[in-house]
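Novice: As input, take run-v8.txt (compact mmCIF, C-alpha atoms):
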```
# COMPACT_ATOMS: atom_id res chain seq x y z
CA MET A 192 102.13 102.88 69.02
CA LYS A 193 103.40 102.89 72.58
CA SER A 194 102.06 103.79 76.02
CA LEU A 195 103.83 105.51 78.90
CA GLY A 196 102.85 104.73 82.48
CA ILE A 197 103.97 106.75 85.51
CA ASP A 198 103.72 105.53 89.12
CA ILE A 199 104.02 108.30 91.73
CA GLY A 200 105.07 106.29 94.76
CA THR A 201 105.87 107.47 98.27
CA THR A 202 109.65 107.07 98.02
CA THR A 203 110.18 106.62 94.27
CA ILE A 204 108.63 107.72 90.98
CA SER A 205 108.70 105.05 88.29
CA ALA A 206 107.89 105.02 84.60
CA ALA A 207 107.44 102.29 82.00
CA VAL A 208 107.07 102.42 78.24
CA ILE A 209 105.19 99.45 76.80
CA ASN A 210 103.90 98.18 73.48
CA PRO A 211 100.21 97.52 74.22
CA ALA A 212 99.76 95.32 71.15
CA THR A 213 102.31 92.76 72.36
CA ASN A 214 102.23 93.70 76.08
CA THR A 215 106.02 93.99 76.09
CA VAL A 216 108.01 96.41 78.23
CA LEU A 217 110.42 98.57 76.25
CA THR A 218 112.03 100.41 79.15
CA THR A 219 111.55 101.31 82.81
CA ARG A 220 112.97 104.20 84.83
CA THR A 221 112.92 104.94 88.56
CA ILE A 222 113.94 108.12 90.34
CA PRO A 223 113.83 109.06 94.04
CA ASN A 224 110.80 110.88 95.39
CA ASP A 225 112.68 112.91 97.97
CA SER A 226 109.83 115.34 98.56
CA PHE A 227 109.00 114.74 102.23
CA ILE A 228 108.68 117.92 104.29
CA ARG A 229 110.19 117.84 107.76
CA THR A 230 107.89 118.99 110.54
CA ASP A 231 108.00 119.07 114.33
CA LYS A 232 104.97 116.75 114.52
CA SER A 233 105.82 113.05 114.67
CA TRP A 234 102.39 112.07 113.34
CA GLU A 235 102.56 114.38 110.31
CA LYS A 236 103.72 112.80 107.02
CA ILE A 237 103.50 115.36 104.23
CA GLN A 238 105.22 115.92 100.90
CA ASP A 239 105.79 118.85 98.54
CA PRO A 240 103.41 118.41 95.57
CA GLU A 241 105.17 121.00 93.42
CA LYS A 242 108.46 119.15 93.78
CA ILE A 243 106.71 115.89 92.82
CA CYS A 244 105.09 117.61 89.85
CA ALA A 245 108.44 118.89 88.58
CA LYS A 246 109.99 115.43 88.85
CA VAL A 247 107.09 113.76 87.02
CA PHE A 248 107.11 116.24 84.15
CA LYS A 249 110.88 115.96 83.73
CA LEU A 250 110.68 112.15 83.64
CA ALA A 251 107.71 112.18 81.26
CA ASP A 252 109.33 114.68 78.91
CA GLU A 253 112.55 112.67 78.73
CA LEU A 254 110.70 109.51 77.72
CA LEU A 255 108.41 111.32 75.28
CA ASP A 256 111.49 112.76 73.56
CA GLU A 257 113.20 109.37 73.49
CA TYR A 258 110.18 107.35 72.34
CA GLY A 259 108.41 109.49 69.76
CA GLU A 260 105.70 106.91 69.05
CA ILE A 261 104.13 107.19 72.52
CA ASP A 262 100.50 108.15 72.02
CA ARG A 263 99.04 107.46 75.49
CA ILE A 264 100.05 108.33 79.04
CA GLY A 265 98.69 106.55 82.10
CA LEU A 266 99.02 107.65 85.72
CA THR A 267 98.92 105.88 89.05
CA GLY A 268 100.45 106.37 92.47
CA GLN A 269 100.05 106.37 96.22
CA MET A 270 96.40 106.07 97.14
CA HIS A 271 94.57 107.42 100.21
CA GLY A 272 96.48 110.72 100.47
CA ILE A 273 95.02 114.06 99.39
CA VAL A 274 95.94 117.47 98.04
CA TYR A 275 93.74 120.58 98.03
CA VAL A 276 93.28 122.56 94.81
CA ASP A 277 91.91 126.06 94.22
CA ARG A 278 89.53 127.42 91.58
CA GLU A 279 92.35 127.65 89.03
CA GLY A 280 93.26 124.01 89.53
CA GLU A 281 96.46 124.88 91.38
CA CYS A 282 97.55 122.83 94.36
CA ILE A 283 97.60 124.75 97.64
CA GLY A 284 99.32 123.37 100.68
CA SER A 285 101.00 120.00 101.06
CA LEU A 286 100.31 116.46 99.96
CA TYR A 287 98.94 114.67 103.03
CA THR A 288 100.22 111.15 102.42
CA TRP A 289 98.70 107.80 103.29
CA GLN A 290 101.24 107.57 106.14
CA ASP A 291 99.87 110.66 107.90
CA GLU A 292 98.46 109.76 111.32
CA ARG A 293 96.33 112.77 112.23
CA GLY A 294 93.20 110.64 111.82
CA ALA A 295 94.27 108.69 114.92
CA ILE A 296 94.83 111.73 117.18
CA PRO A 297 92.27 112.19 120.00
CA CYS A 298 90.10 115.25 119.32
CA PRO A 299 88.37 117.26 122.07
CA CYS A 300 85.47 117.96 119.69
CA TYR A 301 84.75 114.20 119.56
CA GLY A 302 84.99 113.69 123.30
CA GLY A 303 88.58 112.54 123.10
CA LYS A 304 87.97 110.10 120.24
CA SER A 305 90.03 110.19 117.08
CA VAL A 306 88.38 111.00 113.76
CA CYS A 307 88.63 107.34 112.74
CA ASP A 308 87.06 106.13 115.98
CA PHE A 309 84.33 108.77 115.74
CA LEU A 310 83.37 107.62 112.24
CA ALA A 311 83.39 103.98 113.32
CA ASP A 312 81.35 104.53 116.48
CA THR A 313 78.87 107.00 114.96
CA TYR A 314 78.31 105.59 111.47
CA GLY A 315 79.69 102.05 111.63
CA ILE A 316 82.25 102.66 108.90
CA ARG A 317 85.89 101.81 109.27
CA ILE A 318 88.48 104.00 107.65
CA TYR A 319 92.09 104.20 108.71
CA PRO A 320 94.54 106.99 109.56
CA GLY A 321 95.97 108.32 106.31
CA TYR A 322 92.71 107.93 104.39
CA GLY A 323 91.95 111.28 102.78
CA LEU A 324 88.60 112.02 104.39
CA ALA A 325 89.88 111.20 107.88
CA THR A 326 92.78 113.59 107.21
CA HIS A 327 90.45 116.27 105.88
CA LEU A 328 87.98 115.99 108.75
CA TYR A 329 90.83 116.46 111.23
CA ASN A 330 92.14 119.43 109.22
CA GLN A 331 88.67 120.94 109.15
CA ARG A 332 88.19 120.61 112.90
CA ALA A 333 91.70 121.94 113.58
CA GLY A 334 91.40 124.89 111.16
CA LEU A 335 94.15 123.53 108.91
CA VAL A 336 92.32 123.44 105.55
CA PRO A 337 94.23 125.86 103.26
CA GLU A 338 92.37 129.04 102.44
CA GLY A 339 90.95 128.94 98.92
CA ALA A 340 90.63 125.15 98.76
CA VAL A 341 87.66 124.13 96.60
CA LYS A 342 88.39 120.47 95.74
CA ILE A 343 90.36 117.50 97.02
CA CYS A 344 92.00 114.76 94.97
CA THR A 345 95.00 112.41 94.97
CA ILE A 346 98.45 113.51 93.82
CA MET A 347 98.13 111.56 90.55
CA ASP A 348 94.78 113.21 89.84
CA HIS A 349 96.48 116.58 90.31
CA ILE A 350 99.29 115.58 87.92
CA GLY A 351 96.60 114.64 85.38
CA MET A 352 95.04 118.09 85.81
CA LYS A 353 98.39 119.81 85.27
CA MET A 354 99.14 117.73 82.18
CA THR A 355 95.79 118.40 80.53
CA GLY A 356 95.13 121.96 81.73
CA ARG A 357 92.01 121.04 83.68
CA LYS A 358 90.88 123.31 86.49
CA GLU A 359 88.81 120.64 88.25
CA PRO A 360 89.87 117.07 88.99
CA VAL A 361 88.14 113.93 87.75
CA MET A 362 88.76 110.82 89.84
CA HIS A 363 88.57 107.18 88.90
CA SER A 364 86.48 105.22 91.40
CA SER A 365 89.59 103.31 92.53
CA ASN A 366 91.15 106.54 93.81
CA ALA A 367 87.87 107.92 95.15
CA ALA A 368 87.28 104.77 97.22
CA SER A 369 90.76 105.07 98.73
CA LEU A 370 89.74 108.30 100.49
CA GLY A 371 87.14 106.50 102.60
CA ILE A 372 83.39 106.99 103.27
CA PHE A 373 82.75 105.49 99.84
CA ASP A 374 80.10 102.99 98.73
CA VAL A 375 82.08 100.57 96.57
CA ARG A 376 78.99 98.78 95.23
CA GLU A 377 77.30 102.00 94.16
CA ARG A 378 80.60 103.64 93.15
CA ARG A 379 79.79 106.86 95.00
CA PHE A 380 80.69 108.75 98.16
CA MET A 381 78.31 108.23 101.10
CA ARG A 382 76.98 111.76 100.89
CA GLU A 383 74.43 111.41 103.72
CA ILE A 384 77.20 110.49 106.17
CA ILE A 385 79.51 113.10 104.71
CA ARG A 386 76.91 115.84 105.21
CA ASP A 387 76.11 114.69 108.73
CA ALA A 388 79.83 114.64 109.62
CA GLY A 389 80.05 118.26 108.52
CA ILE A 390 82.11 117.84 105.35
CA SER A 391 81.19 120.04 102.38
CA GLU A 392 80.00 118.01 99.40
CA ASN A 393 81.40 120.67 97.08
CA LEU A 394 84.89 119.39 97.82
CA PHE A 395 84.31 116.15 95.94
CA PRO A 396 85.29 115.91 92.28
CA GLU A 397 83.51 114.14 89.46
CA ILE A 398 83.92 110.34 89.56
CA SER A 399 84.28 107.97 86.61
CA ASP A 400 84.17 104.18 86.66
CA GLU A 401 85.83 103.89 83.24
CA PHE A 402 89.48 103.97 82.23
CA ALA A 403 88.62 107.09 80.29
CA ALA A 404 90.67 109.74 78.51
CA LEU A 405 91.29 112.86 80.60
CA GLY A 406 92.79 115.16 77.95
CA LYS A 407 96.03 115.75 76.04
CA TYR A 408 99.65 116.42 76.94
CA ARG A 409 102.04 117.27 74.11
CA GLY A 410 99.52 115.73 71.74
CA ARG A 411 99.27 112.45 73.67
CA THR A 412 96.09 111.15 75.28
CA VAL A 413 96.30 111.17 79.08
CA GLY A 414 94.22 108.51 80.80
CA LEU A 415 92.37 108.95 84.06
CA ALA A 416 94.69 108.11 86.99
CA ILE A 417 93.94 104.81 88.71
CA GLY A 418 94.87 103.38 92.12
CA ASP A 419 98.27 101.76 92.47
CA ASN A 420 96.81 98.49 93.71
CA GLN A 421 94.62 98.19 90.61
CA ALA A 422 97.50 99.30 88.37
CA GLY A 423 99.84 96.77 89.95
CA PHE A 424 97.32 94.01 89.28
CA LEU A 425 97.01 95.03 85.62
CA GLY A 426 100.76 95.26 85.27
CA ALA A 427 101.43 91.79 86.67
CA VAL A 428 98.42 89.77 85.52
CA ASP A 429 97.30 88.94 81.98
CA ASP A 430 94.26 86.75 82.69
CA ILE A 431 92.59 89.00 85.26
CA ASP A 432 89.67 86.64 85.97
CA HIS A 433 91.68 83.52 86.90
CA ALA A 434 94.74 84.68 88.80
CA ILE A 435 95.88 85.33 92.36
CA LEU A 436 98.44 88.10 92.73
CA LEU A 437 100.74 88.01 95.73
CA ASN A 438 102.94 91.03 96.33
CA MET A 439 105.66 91.06 98.95
CA GLY A 440 107.35 94.37 99.57
CA THR A 441 107.60 96.17 102.90
CA GLY A 442 104.00 95.03 103.37
CA GLY A 443 102.26 92.13 101.68
CA GLN A 444 99.11 91.86 99.60
CA VAL A 445 96.92 89.18 98.10
CA SER A 446 94.58 90.37 95.33
CA VAL A 447 92.00 88.64 93.13
CA CYS A 448 89.47 89.95 90.63
CA SER A 449 85.85 89.09 91.38
CA ASP A 450 82.40 89.68 89.89
CA ILE A 451 81.01 89.42 93.43
CA PHE A 452 81.18 92.18 96.00
CA PHE A 453 82.59 90.62 99.14
CA GLU A 454 84.16 92.01 102.29
CA GLY A 455 85.14 89.83 105.22
CA TYR A 456 87.59 89.87 108.10
CA GLY A 457 90.76 91.38 106.71
CA ILE A 458 89.33 91.60 103.17
CA GLU A 459 88.48 94.82 101.35
CA ALA A 460 86.56 95.11 98.07
CA ARG A 461 87.94 97.87 95.85
CA PRO A 462 86.55 99.25 92.57
CA PHE A 463 88.17 97.83 89.46
CA LEU A 464 86.34 97.61 86.15
CA PRO A 465 82.59 98.32 86.01
CA GLY A 466 80.89 95.27 87.50
CA LYS A 467 84.19 93.93 88.83
CA TYR A 468 85.96 94.27 92.15
CA LEU A 469 89.49 93.76 93.32
CA LEU A 470 89.40 91.81 96.57
CA VAL A 471 92.44 92.70 98.64
CA GLY A 472 93.98 91.44 101.84
CA ALA A 473 97.02 93.24 103.24
CA SER A 474 99.64 92.14 105.73
CA LEU A 475 101.10 95.24 107.33
CA CYS A 476 104.49 93.76 108.07
CA GLY A 477 104.95 91.52 105.01
CA GLY A 478 108.52 91.51 103.78
CA ARG A 479 109.56 93.70 106.67
CA ALA A 480 109.27 90.61 108.88
CA TYR A 481 112.27 89.10 107.11
CA ALA A 482 114.18 92.37 107.55
CA ILE A 483 113.39 92.24 111.29
CA LEU A 484 114.91 88.76 111.49
CA GLU A 485 118.00 89.89 109.53
CA ARG A 486 118.43 92.78 111.98
CA PHE A 487 118.26 90.33 114.90
CA PHE A 488 121.08 88.22 113.45
CA ARG A 489 123.09 91.32 112.47
CA LEU A 490 122.91 92.96 115.90
CA TYR A 491 124.11 89.79 117.58
CA SER A 492 126.94 89.32 115.07
CA GLU A 493 128.12 92.92 115.44
CA ALA A 494 128.09 92.58 119.23
CA ALA A 495 130.30 89.49 118.78
CA GLY A 496 132.72 91.52 116.65
CA LEU A 497 131.61 90.10 113.28
CA LYS A 498 130.98 92.99 110.94
CA GLU A 499 130.77 93.46 107.16
CA THR A 500 128.68 90.29 106.77
CA ASP A 501 125.86 89.90 104.26
CA HIS A 502 123.38 88.30 106.61
CA TYR A 503 120.76 87.76 103.90
CA LYS A 504 123.24 85.49 102.09
CA VAL A 505 123.94 83.63 105.32
CA MET A 506 120.20 83.20 105.88
CA GLU A 507 119.83 81.86 102.35
CA ARG A 508 122.65 79.34 102.91
CA LEU A 509 121.02 78.16 106.13
CA MET A 510 117.76 77.59 104.23
CA ASP A 511 119.65 75.77 101.45
CA GLN A 512 121.22 73.51 104.06
CA ARG A 513 117.89 72.90 105.74
CA MET A 514 116.32 71.88 102.42
CA LYS A 515 119.04 69.29 101.82
CA GLU A 516 118.36 67.61 105.14
CA ILE A 517 115.43 65.35 105.92
CA VAL A 518 113.70 67.67 108.34
CA PRO A 519 110.58 66.43 110.11
CA GLU A 520 107.86 68.86 111.11
CA THR A 521 109.59 71.02 113.69
CA GLY A 522 106.52 72.40 115.42
CA LEU A 523 108.07 75.87 115.37
CA ARG A 524 105.38 78.36 114.31
CA VAL A 525 105.87 82.07 113.70
CA THR A 526 103.03 84.58 113.39
CA THR A 527 104.46 87.61 111.57
CA THR A 528 101.88 90.25 112.55
CA PHE A 529 104.64 92.37 114.09
CA SER A 530 102.96 95.60 112.93
CA GLY A 531 99.45 94.49 113.87
CA THR A 532 96.62 94.10 111.37
CA ARG A 533 94.10 96.52 109.91
CA GLU A 534 91.40 95.12 112.21
CA GLU A 535 93.65 94.72 115.24
CA PRO A 536 96.32 97.44 115.16
CA MET A 537 97.69 96.42 118.56
CA LYS A 538 98.05 92.74 117.67
CA ARG A 539 101.63 91.53 117.68
CA GLY A 540 103.55 88.56 116.34
CA LYS A 541 104.64 85.47 118.22
CA ILE A 542 106.87 82.42 118.06
CA GLU A 543 105.26 79.23 119.32
CA GLY A 544 106.13 75.59 119.78
CA ILE A 545 109.73 76.12 120.88
CA ASP A 546 111.36 73.05 122.39
CA VAL A 547 114.91 72.05 123.31
CA ASP A 548 115.68 70.80 119.78
CA ASN A 549 113.87 73.00 117.25
CA PHE A 550 115.03 76.50 118.20
CA THR A 551 117.73 76.79 115.55
CA PRO A 552 118.54 79.60 113.09
CA GLY A 553 117.44 77.47 110.13
CA ASN A 554 114.10 76.58 111.69
CA LEU A 555 113.55 80.17 112.76
CA ILE A 556 114.19 81.47 109.23
CA CYS A 557 111.85 78.85 107.80
CA GLY A 558 109.21 79.78 110.40
CA PHE A 559 109.38 83.46 109.45
CA LEU A 560 109.02 82.72 105.74
CA ASP A 561 106.16 80.32 106.43
CA GLY A 562 104.42 82.90 108.61
CA MET A 563 104.71 85.58 105.93
CA ALA A 564 103.09 83.30 103.35
CA GLU A 565 100.52 81.93 105.81
CA GLU A 566 99.14 85.38 106.63
CA LEU A 567 98.37 85.99 102.94
CA TYR A 568 97.02 82.48 102.43
CA GLY A 569 94.63 82.90 105.36
CA MET A 570 93.22 86.01 103.69
CA TYR A 571 92.88 84.17 100.38
CA GLU A 572 90.89 81.40 102.09
CA VAL A 573 88.41 84.03 103.32
CA MET A 574 88.07 85.35 99.74
CA ALA A 575 87.69 81.89 98.24
CA ARG A 576 84.87 80.99 100.62
CA GLY A 577 83.06 84.30 100.46
CA ALA A 578 83.34 85.18 96.78
CA GLU A 579 83.61 81.76 95.14
CA VAL A 580 86.99 82.67 93.67
CA SER A 581 88.25 80.24 91.04
CA ALA A 582 91.94 80.90 90.47
CA GLU A 583 94.19 78.90 88.18
CA THR A 584 97.42 80.90 88.29
CA LEU A 585 99.54 82.24 91.14
CA ILE A 586 101.48 85.38 90.18
CA LEU A 587 104.24 86.67 92.46
CA SER A 588 105.53 90.25 92.47
CA GLY A 589 107.66 92.49 94.66
CA ASN A 590 111.25 92.21 95.83
CA GLY A 591 110.34 89.87 98.67
CA PHE A 592 109.54 87.17 96.11
CA ARG A 593 112.09 88.23 93.50
CA LYS A 594 115.01 87.98 95.91
CA ASN A 595 113.97 84.92 97.92
CA ARG A 596 113.44 81.65 96.08
CA HIS A 597 112.58 79.87 99.33
CA LEU A 598 109.68 82.25 99.93
CA ARG A 599 108.51 81.53 96.38
CA ARG A 600 108.62 77.80 97.05
CA ILE A 601 106.73 78.13 100.34
CA ALA A 602 104.04 80.25 98.63
CA GLU A 603 103.58 77.53 96.00
CA GLU A 604 103.17 74.92 98.72
CA LYS A 605 100.68 77.05 100.67
CA PHE A 606 98.47 77.81 97.67
CA GLY A 607 98.87 74.39 96.07
CA MET A 608 99.72 75.67 92.62
CA LYS A 609 102.73 76.51 90.50
CA ALA A 610 103.79 80.12 90.89
CA VAL A 611 104.90 82.45 88.11
CA LEU A 612 107.16 85.39 88.93
CA SER A 613 105.88 88.57 87.32
CA GLU A 614 108.00 89.43 84.30
CA ARG A 615 107.56 93.16 84.82
CA CYS A 616 109.53 94.87 87.57
CA GLU A 617 107.54 98.13 87.68
CA GLU A 618 104.11 96.53 87.70
CA ALA A 619 102.14 99.62 88.71
CA ALA A 620 103.71 101.80 86.02
CA CYS A 621 103.10 99.04 83.44
CA GLY A 622 99.49 98.71 84.59
CA ALA A 623 98.97 102.46 84.29
CA ALA A 624 100.35 102.30 80.75
CA ARG A 625 97.97 99.44 79.90
CA SER A 626 94.95 101.36 81.17
CA ALA A 627 95.91 104.67 79.62
CA GLY A 628 93.11 106.32 77.70
CA THR A 629 91.47 103.06 76.70
CA GLY A 630 88.10 104.76 77.08
CA THR A 631 85.55 102.13 78.02
CA ALA A 632 85.86 99.01 80.11
CA GLY A 633 84.59 97.07 77.11
CA GLU A 634 87.60 98.18 75.11
CA PHE A 635 89.86 97.30 77.99
CA ARG A 636 88.43 93.84 78.45
CA GLY A 637 88.66 93.30 74.73
CA VAL A 638 92.42 93.88 74.89
CA TYR A 639 92.94 91.35 77.64
```
Show how you would write the structure in this file as structure tokens.

Specialist:
Amino acid sequence: MKSLGIDIGTTTISAAVINPATNTVLTTRTIPNDSFIRTDKSWEKIQDPEKICAKVFKLADELLDEYGEIDRIGLTGQMHGIVYVDREGECIGSLYTWQDERGAIPCPCYGGKSVCDFLADTYGIRIYPGYGLATHLYNQRAGLVPEGAVKICTIMDHIGMKMTGRKEPVMHSSNAASLGIFDVRERRFMREIIRDAGISENLFPEISDEFAALGKYRGRTVGLAIGDNQAGFLGAVDDIDHAILLNMGTGGQVSVCSDIFFEGYGIEARPFLPGKYLLVGASLCGGRAYAILERFFRLYSEAAGLKETDHYKVMERLMDQRMKEIVPETGLRVTTTFSGTREEPMKRGKIEGIDVDNFTPGNLICGFLDGMAEELYGMYEVMARGAEVSAETLILSGNGFRKNRHLRRIAEEKFGMKAVLSERCEEAACGAARSAGTGTAGEFRGVY
């Protein structure tokens, strides 16, 4: 039998059909998620959930018709964002995405503080703009909660409801934690703080810590939706207890599985399997740092009258040339925190150690790549010290690693181990398919 996984991303919706017995990918599909709703508010990032729903069902139906032996469907997608549902299980209003910034807007009711700052100063908990409960608390104070809303959930939880005919959502702990104000160790919302902050407890759905079955769609078992970070880990990693996963897309992530709850500077513990955590460090700029450097070269070249040039290929040739030369330590150091960090949003990147000889395009490219890898390695060092992580394999995923062999090499050097490029392009969709309807964590661990 086969499993179908669907990843409801911010800009694309992807699907993968796999054979769970052999862990092989039979096909993948990706379609645009062009559901953003234009507004006159620069901080508002919302999407049309009904449009997303129609796209998901069309994609699912096509693959179910093509692969008749599919017996399980798994769901994942963009975490942190929320939709409101009514008593009939219908979505009302928009999808407030993880990119929405209303949680950072100063509110008169909090003395000019933002919702996120109010929660940090009052209760000592840090959640970020775009996290569902920060979004909801702002909506509540601003009178923007849709009339008739009785529950909140993520977009993939809502898709699961629509597929199985449920009127109330059930959330996996990985999605519940992504909304904020959540006790990861106890796998529950911090209800005392929630009540004190003035949020109705009735809004919160049932939570499960298992990769359980949610219901049926066209006779196939639909698994509980899981977070895209957890799904991506499952899709890329076979030996979950002894691997480091590095992902380099627009942002960057380093993730490891741990039996120990640990949170440190820049490190977040997220629910995974019962008794297990996914320790995650995220670089906000990540692969975008390389795009910033390409733009720098491109703008100069266009000003000089040189257009229609593939600057990424030129950058690769410069790195190839640099590798052929005997290059001593240049002293050129690049910190690629151009978008800040979670702990220090206003922090910015820097280039240090410039002298009269080392400020060359090749050295600058190498410095950027080294800085991108170094930011993730620094987070891994915090994990390794705090949670006694014992990793044996380095897995690389994301286009930043797929398209740049020099970044792959630098990552291997930083982490001191041979790297393996993930064989699966749509890791999150594959991970959702692997988790789909497996029931208990014991069953799941038995498979892997």

Novice: Which residue, A:Ser399, A:Thr288, A:Ser588, A:Thr412, has the smallest gap to A:Ile435 when you use only C-alpha atoms?

Specialist: A:Ser588

Novice: What are the closest atom pairs, with distances in Å to one decimal, for each residue of stretch 267-310 of chain A lying within 7 Å of stretch 341-359 of chain A, using only C-alpha atoms, rows by chain and rising residue number, as a tab-separated table?

Specialist:
```
residue	atom	partner	partner_atom	distance
A:Thr267	CA	A:Met347	CA	5.9
A:Gly268	CA	A:Met347	CA	6.0
A:Met270	CA	A:Thr345	CA	6.8
A:Gly272	CA	A:Thr345	CA	5.9
A:Ile273	CA	A:Thr345	CA	4.7
A:Val274	CA	A:Ile343	CA	5.7
A:Tyr275	CA	A:Ile343	CA	4.7
A:Val276	CA	A:Lys342	CA	5.4
A:Asp277	CA	A:Val341	CA	5.2
A:Arg278	CA	A:Val341	CA	6.3
A:Glu279	CA	A:Lys358	CA	5.2
A:Gly280	CA	A:Lys358	CA	3.9
```

Novice: Measuring between all atoms listed in the file, which one of A:Thr527, A:Thr203, A:Gln290, A:Thr218 shows the shortest distance to A:Glu566?

Specialist: A:Thr527

Novice: Between atom CA of A:Leu425 and atom CA of A:Ile318, what is the spacing in Å?

Specialist: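 That distance, rounded to one decimal, is 25.3 Å.
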
Novice: If we count all atoms listed in the file and set the cut-off at 12 Å, which residues sit around A:Lys594, ignoring sequence neighbours fewer than 6 positions away in its own chain? Please answer as a PyMOL selection string.

Specialist: chain A and resi 439-440+478+481+503-504+507+587-588+612

Novice: Which of these residues is nearest to A:Glu579, using only C-alpha atoms: A:Phe452, A:Ser369, A:Ala416, A:Glu292?

Specialist: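 That would be A:Phe452, the residue with the smallest distance to A:Glu579.
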
Novice: Please list, as a ChimeraX atom specification, the residues that have an atom at most 8 Å away from (106.1, 105.1, 70.4) in the coordinates of this file, counting all atoms listed in the file.

Specialist: /A:192-194,210,258-262

Novice: Could you work out how far atom CA of A:Ala388 lies from atom CA of A:Ala333, giving the answer in Å with one decimal?

Specialist: 14.5 Å

Novice: Write out as number ranges by chain which residues come within 10 Å of A:Phe227 when counting only C-alpha atoms, dropping same-chain ones fewer than 2 positions away.

Specialist: A: 201-202, 224-225, 229-230, 236-240, 242-243, 285-286, 288

Novice: Go ahead and compute the interatomic distance for atom CA of A:Ala434 and atom CA of A:Arg599, in Å to one decimal.

Specialist: 16.0 Å

Novice: Starting from the sparse input, extend stretch 454-470 of chain A to N, CA and C atoms and give the output as a short mmCIF file (atom, residue, chain, number, x, y, z; two decimals), keeping the file's coordinate frame.

Specialist:
```
data_model
loop_
_atom_site.label_atom_id
_atom_site.label_comp_id
_atom_site.auth_asym_id
_atom_site.auth_seq_id
_atom_site.Cartn_x
_atom_site.Cartn_y
_atom_site.Cartn_z
N GLU A 454 83.23 91.53 101.28
CA GLU A 454 84.16 92.01 102.29
C GLU A 454 84.02 91.13 103.51
N GLY A 455 85.12 90.66 104.03
CA GLY A 455 85.14 89.83 105.22
C GLY A 455 86.25 90.29 106.14
N TYR A 456 86.55 89.51 107.14
CA TYR A 456 87.59 89.87 108.10
C TYR A 456 88.93 89.97 107.38
N GLY A 457 89.48 91.17 107.36
CA GLY A 457 90.76 91.38 106.71
C GLY A 457 90.69 91.57 105.21
N ILE A 458 89.47 91.53 104.62
CA ILE A 458 89.33 91.60 103.17
C ILE A 458 88.56 92.87 102.80
N GLU A 459 89.10 93.59 101.84
CA GLU A 459 88.48 94.82 101.35
C GLU A 459 88.14 94.66 99.87
N ALA A 460 86.94 95.09 99.48
CA ALA A 460 86.56 95.11 98.07
C ALA A 460 86.83 96.50 97.52
N ARG A 461 87.59 96.58 96.44
CA ARG A 461 87.94 97.87 95.85
C ARG A 461 87.40 97.94 94.42
N PRO A 462 87.02 99.12 93.95
CA PRO A 462 86.55 99.25 92.57
C PRO A 462 87.65 98.86 91.59
N PHE A 463 87.23 98.22 90.50
CA PHE A 463 88.17 97.83 89.46
C PHE A 463 87.58 98.25 88.13
N LEU A 464 87.12 97.31 87.34
CA LEU A 464 86.34 97.61 86.15
C LEU A 464 84.87 97.70 86.54
N PRO A 465 84.03 98.33 85.71
CA PRO A 465 82.59 98.32 86.01
C PRO A 465 82.09 96.89 86.16
N GLY A 466 81.40 96.62 87.27
CA GLY A 466 80.89 95.27 87.50
C GLY A 466 81.92 94.32 88.07
N LYS A 467 83.14 94.79 88.28
CA LYS A 467 84.19 93.93 88.83
C LYS A 467 84.84 94.62 90.03
N TYR A 468 85.32 93.78 90.94
CA TYR A 468 85.96 94.27 92.15
C TYR A 468 87.34 93.63 92.26
N LEU A 469 88.22 94.34 92.93
CA LEU A 469 89.49 93.76 93.32
C LEU A 469 89.40 93.48 94.81
N LEU A 470 89.43 92.20 95.16
CA LEU A 470 89.40 91.81 96.57
C LEU A 470 90.83 91.79 97.07
#
```
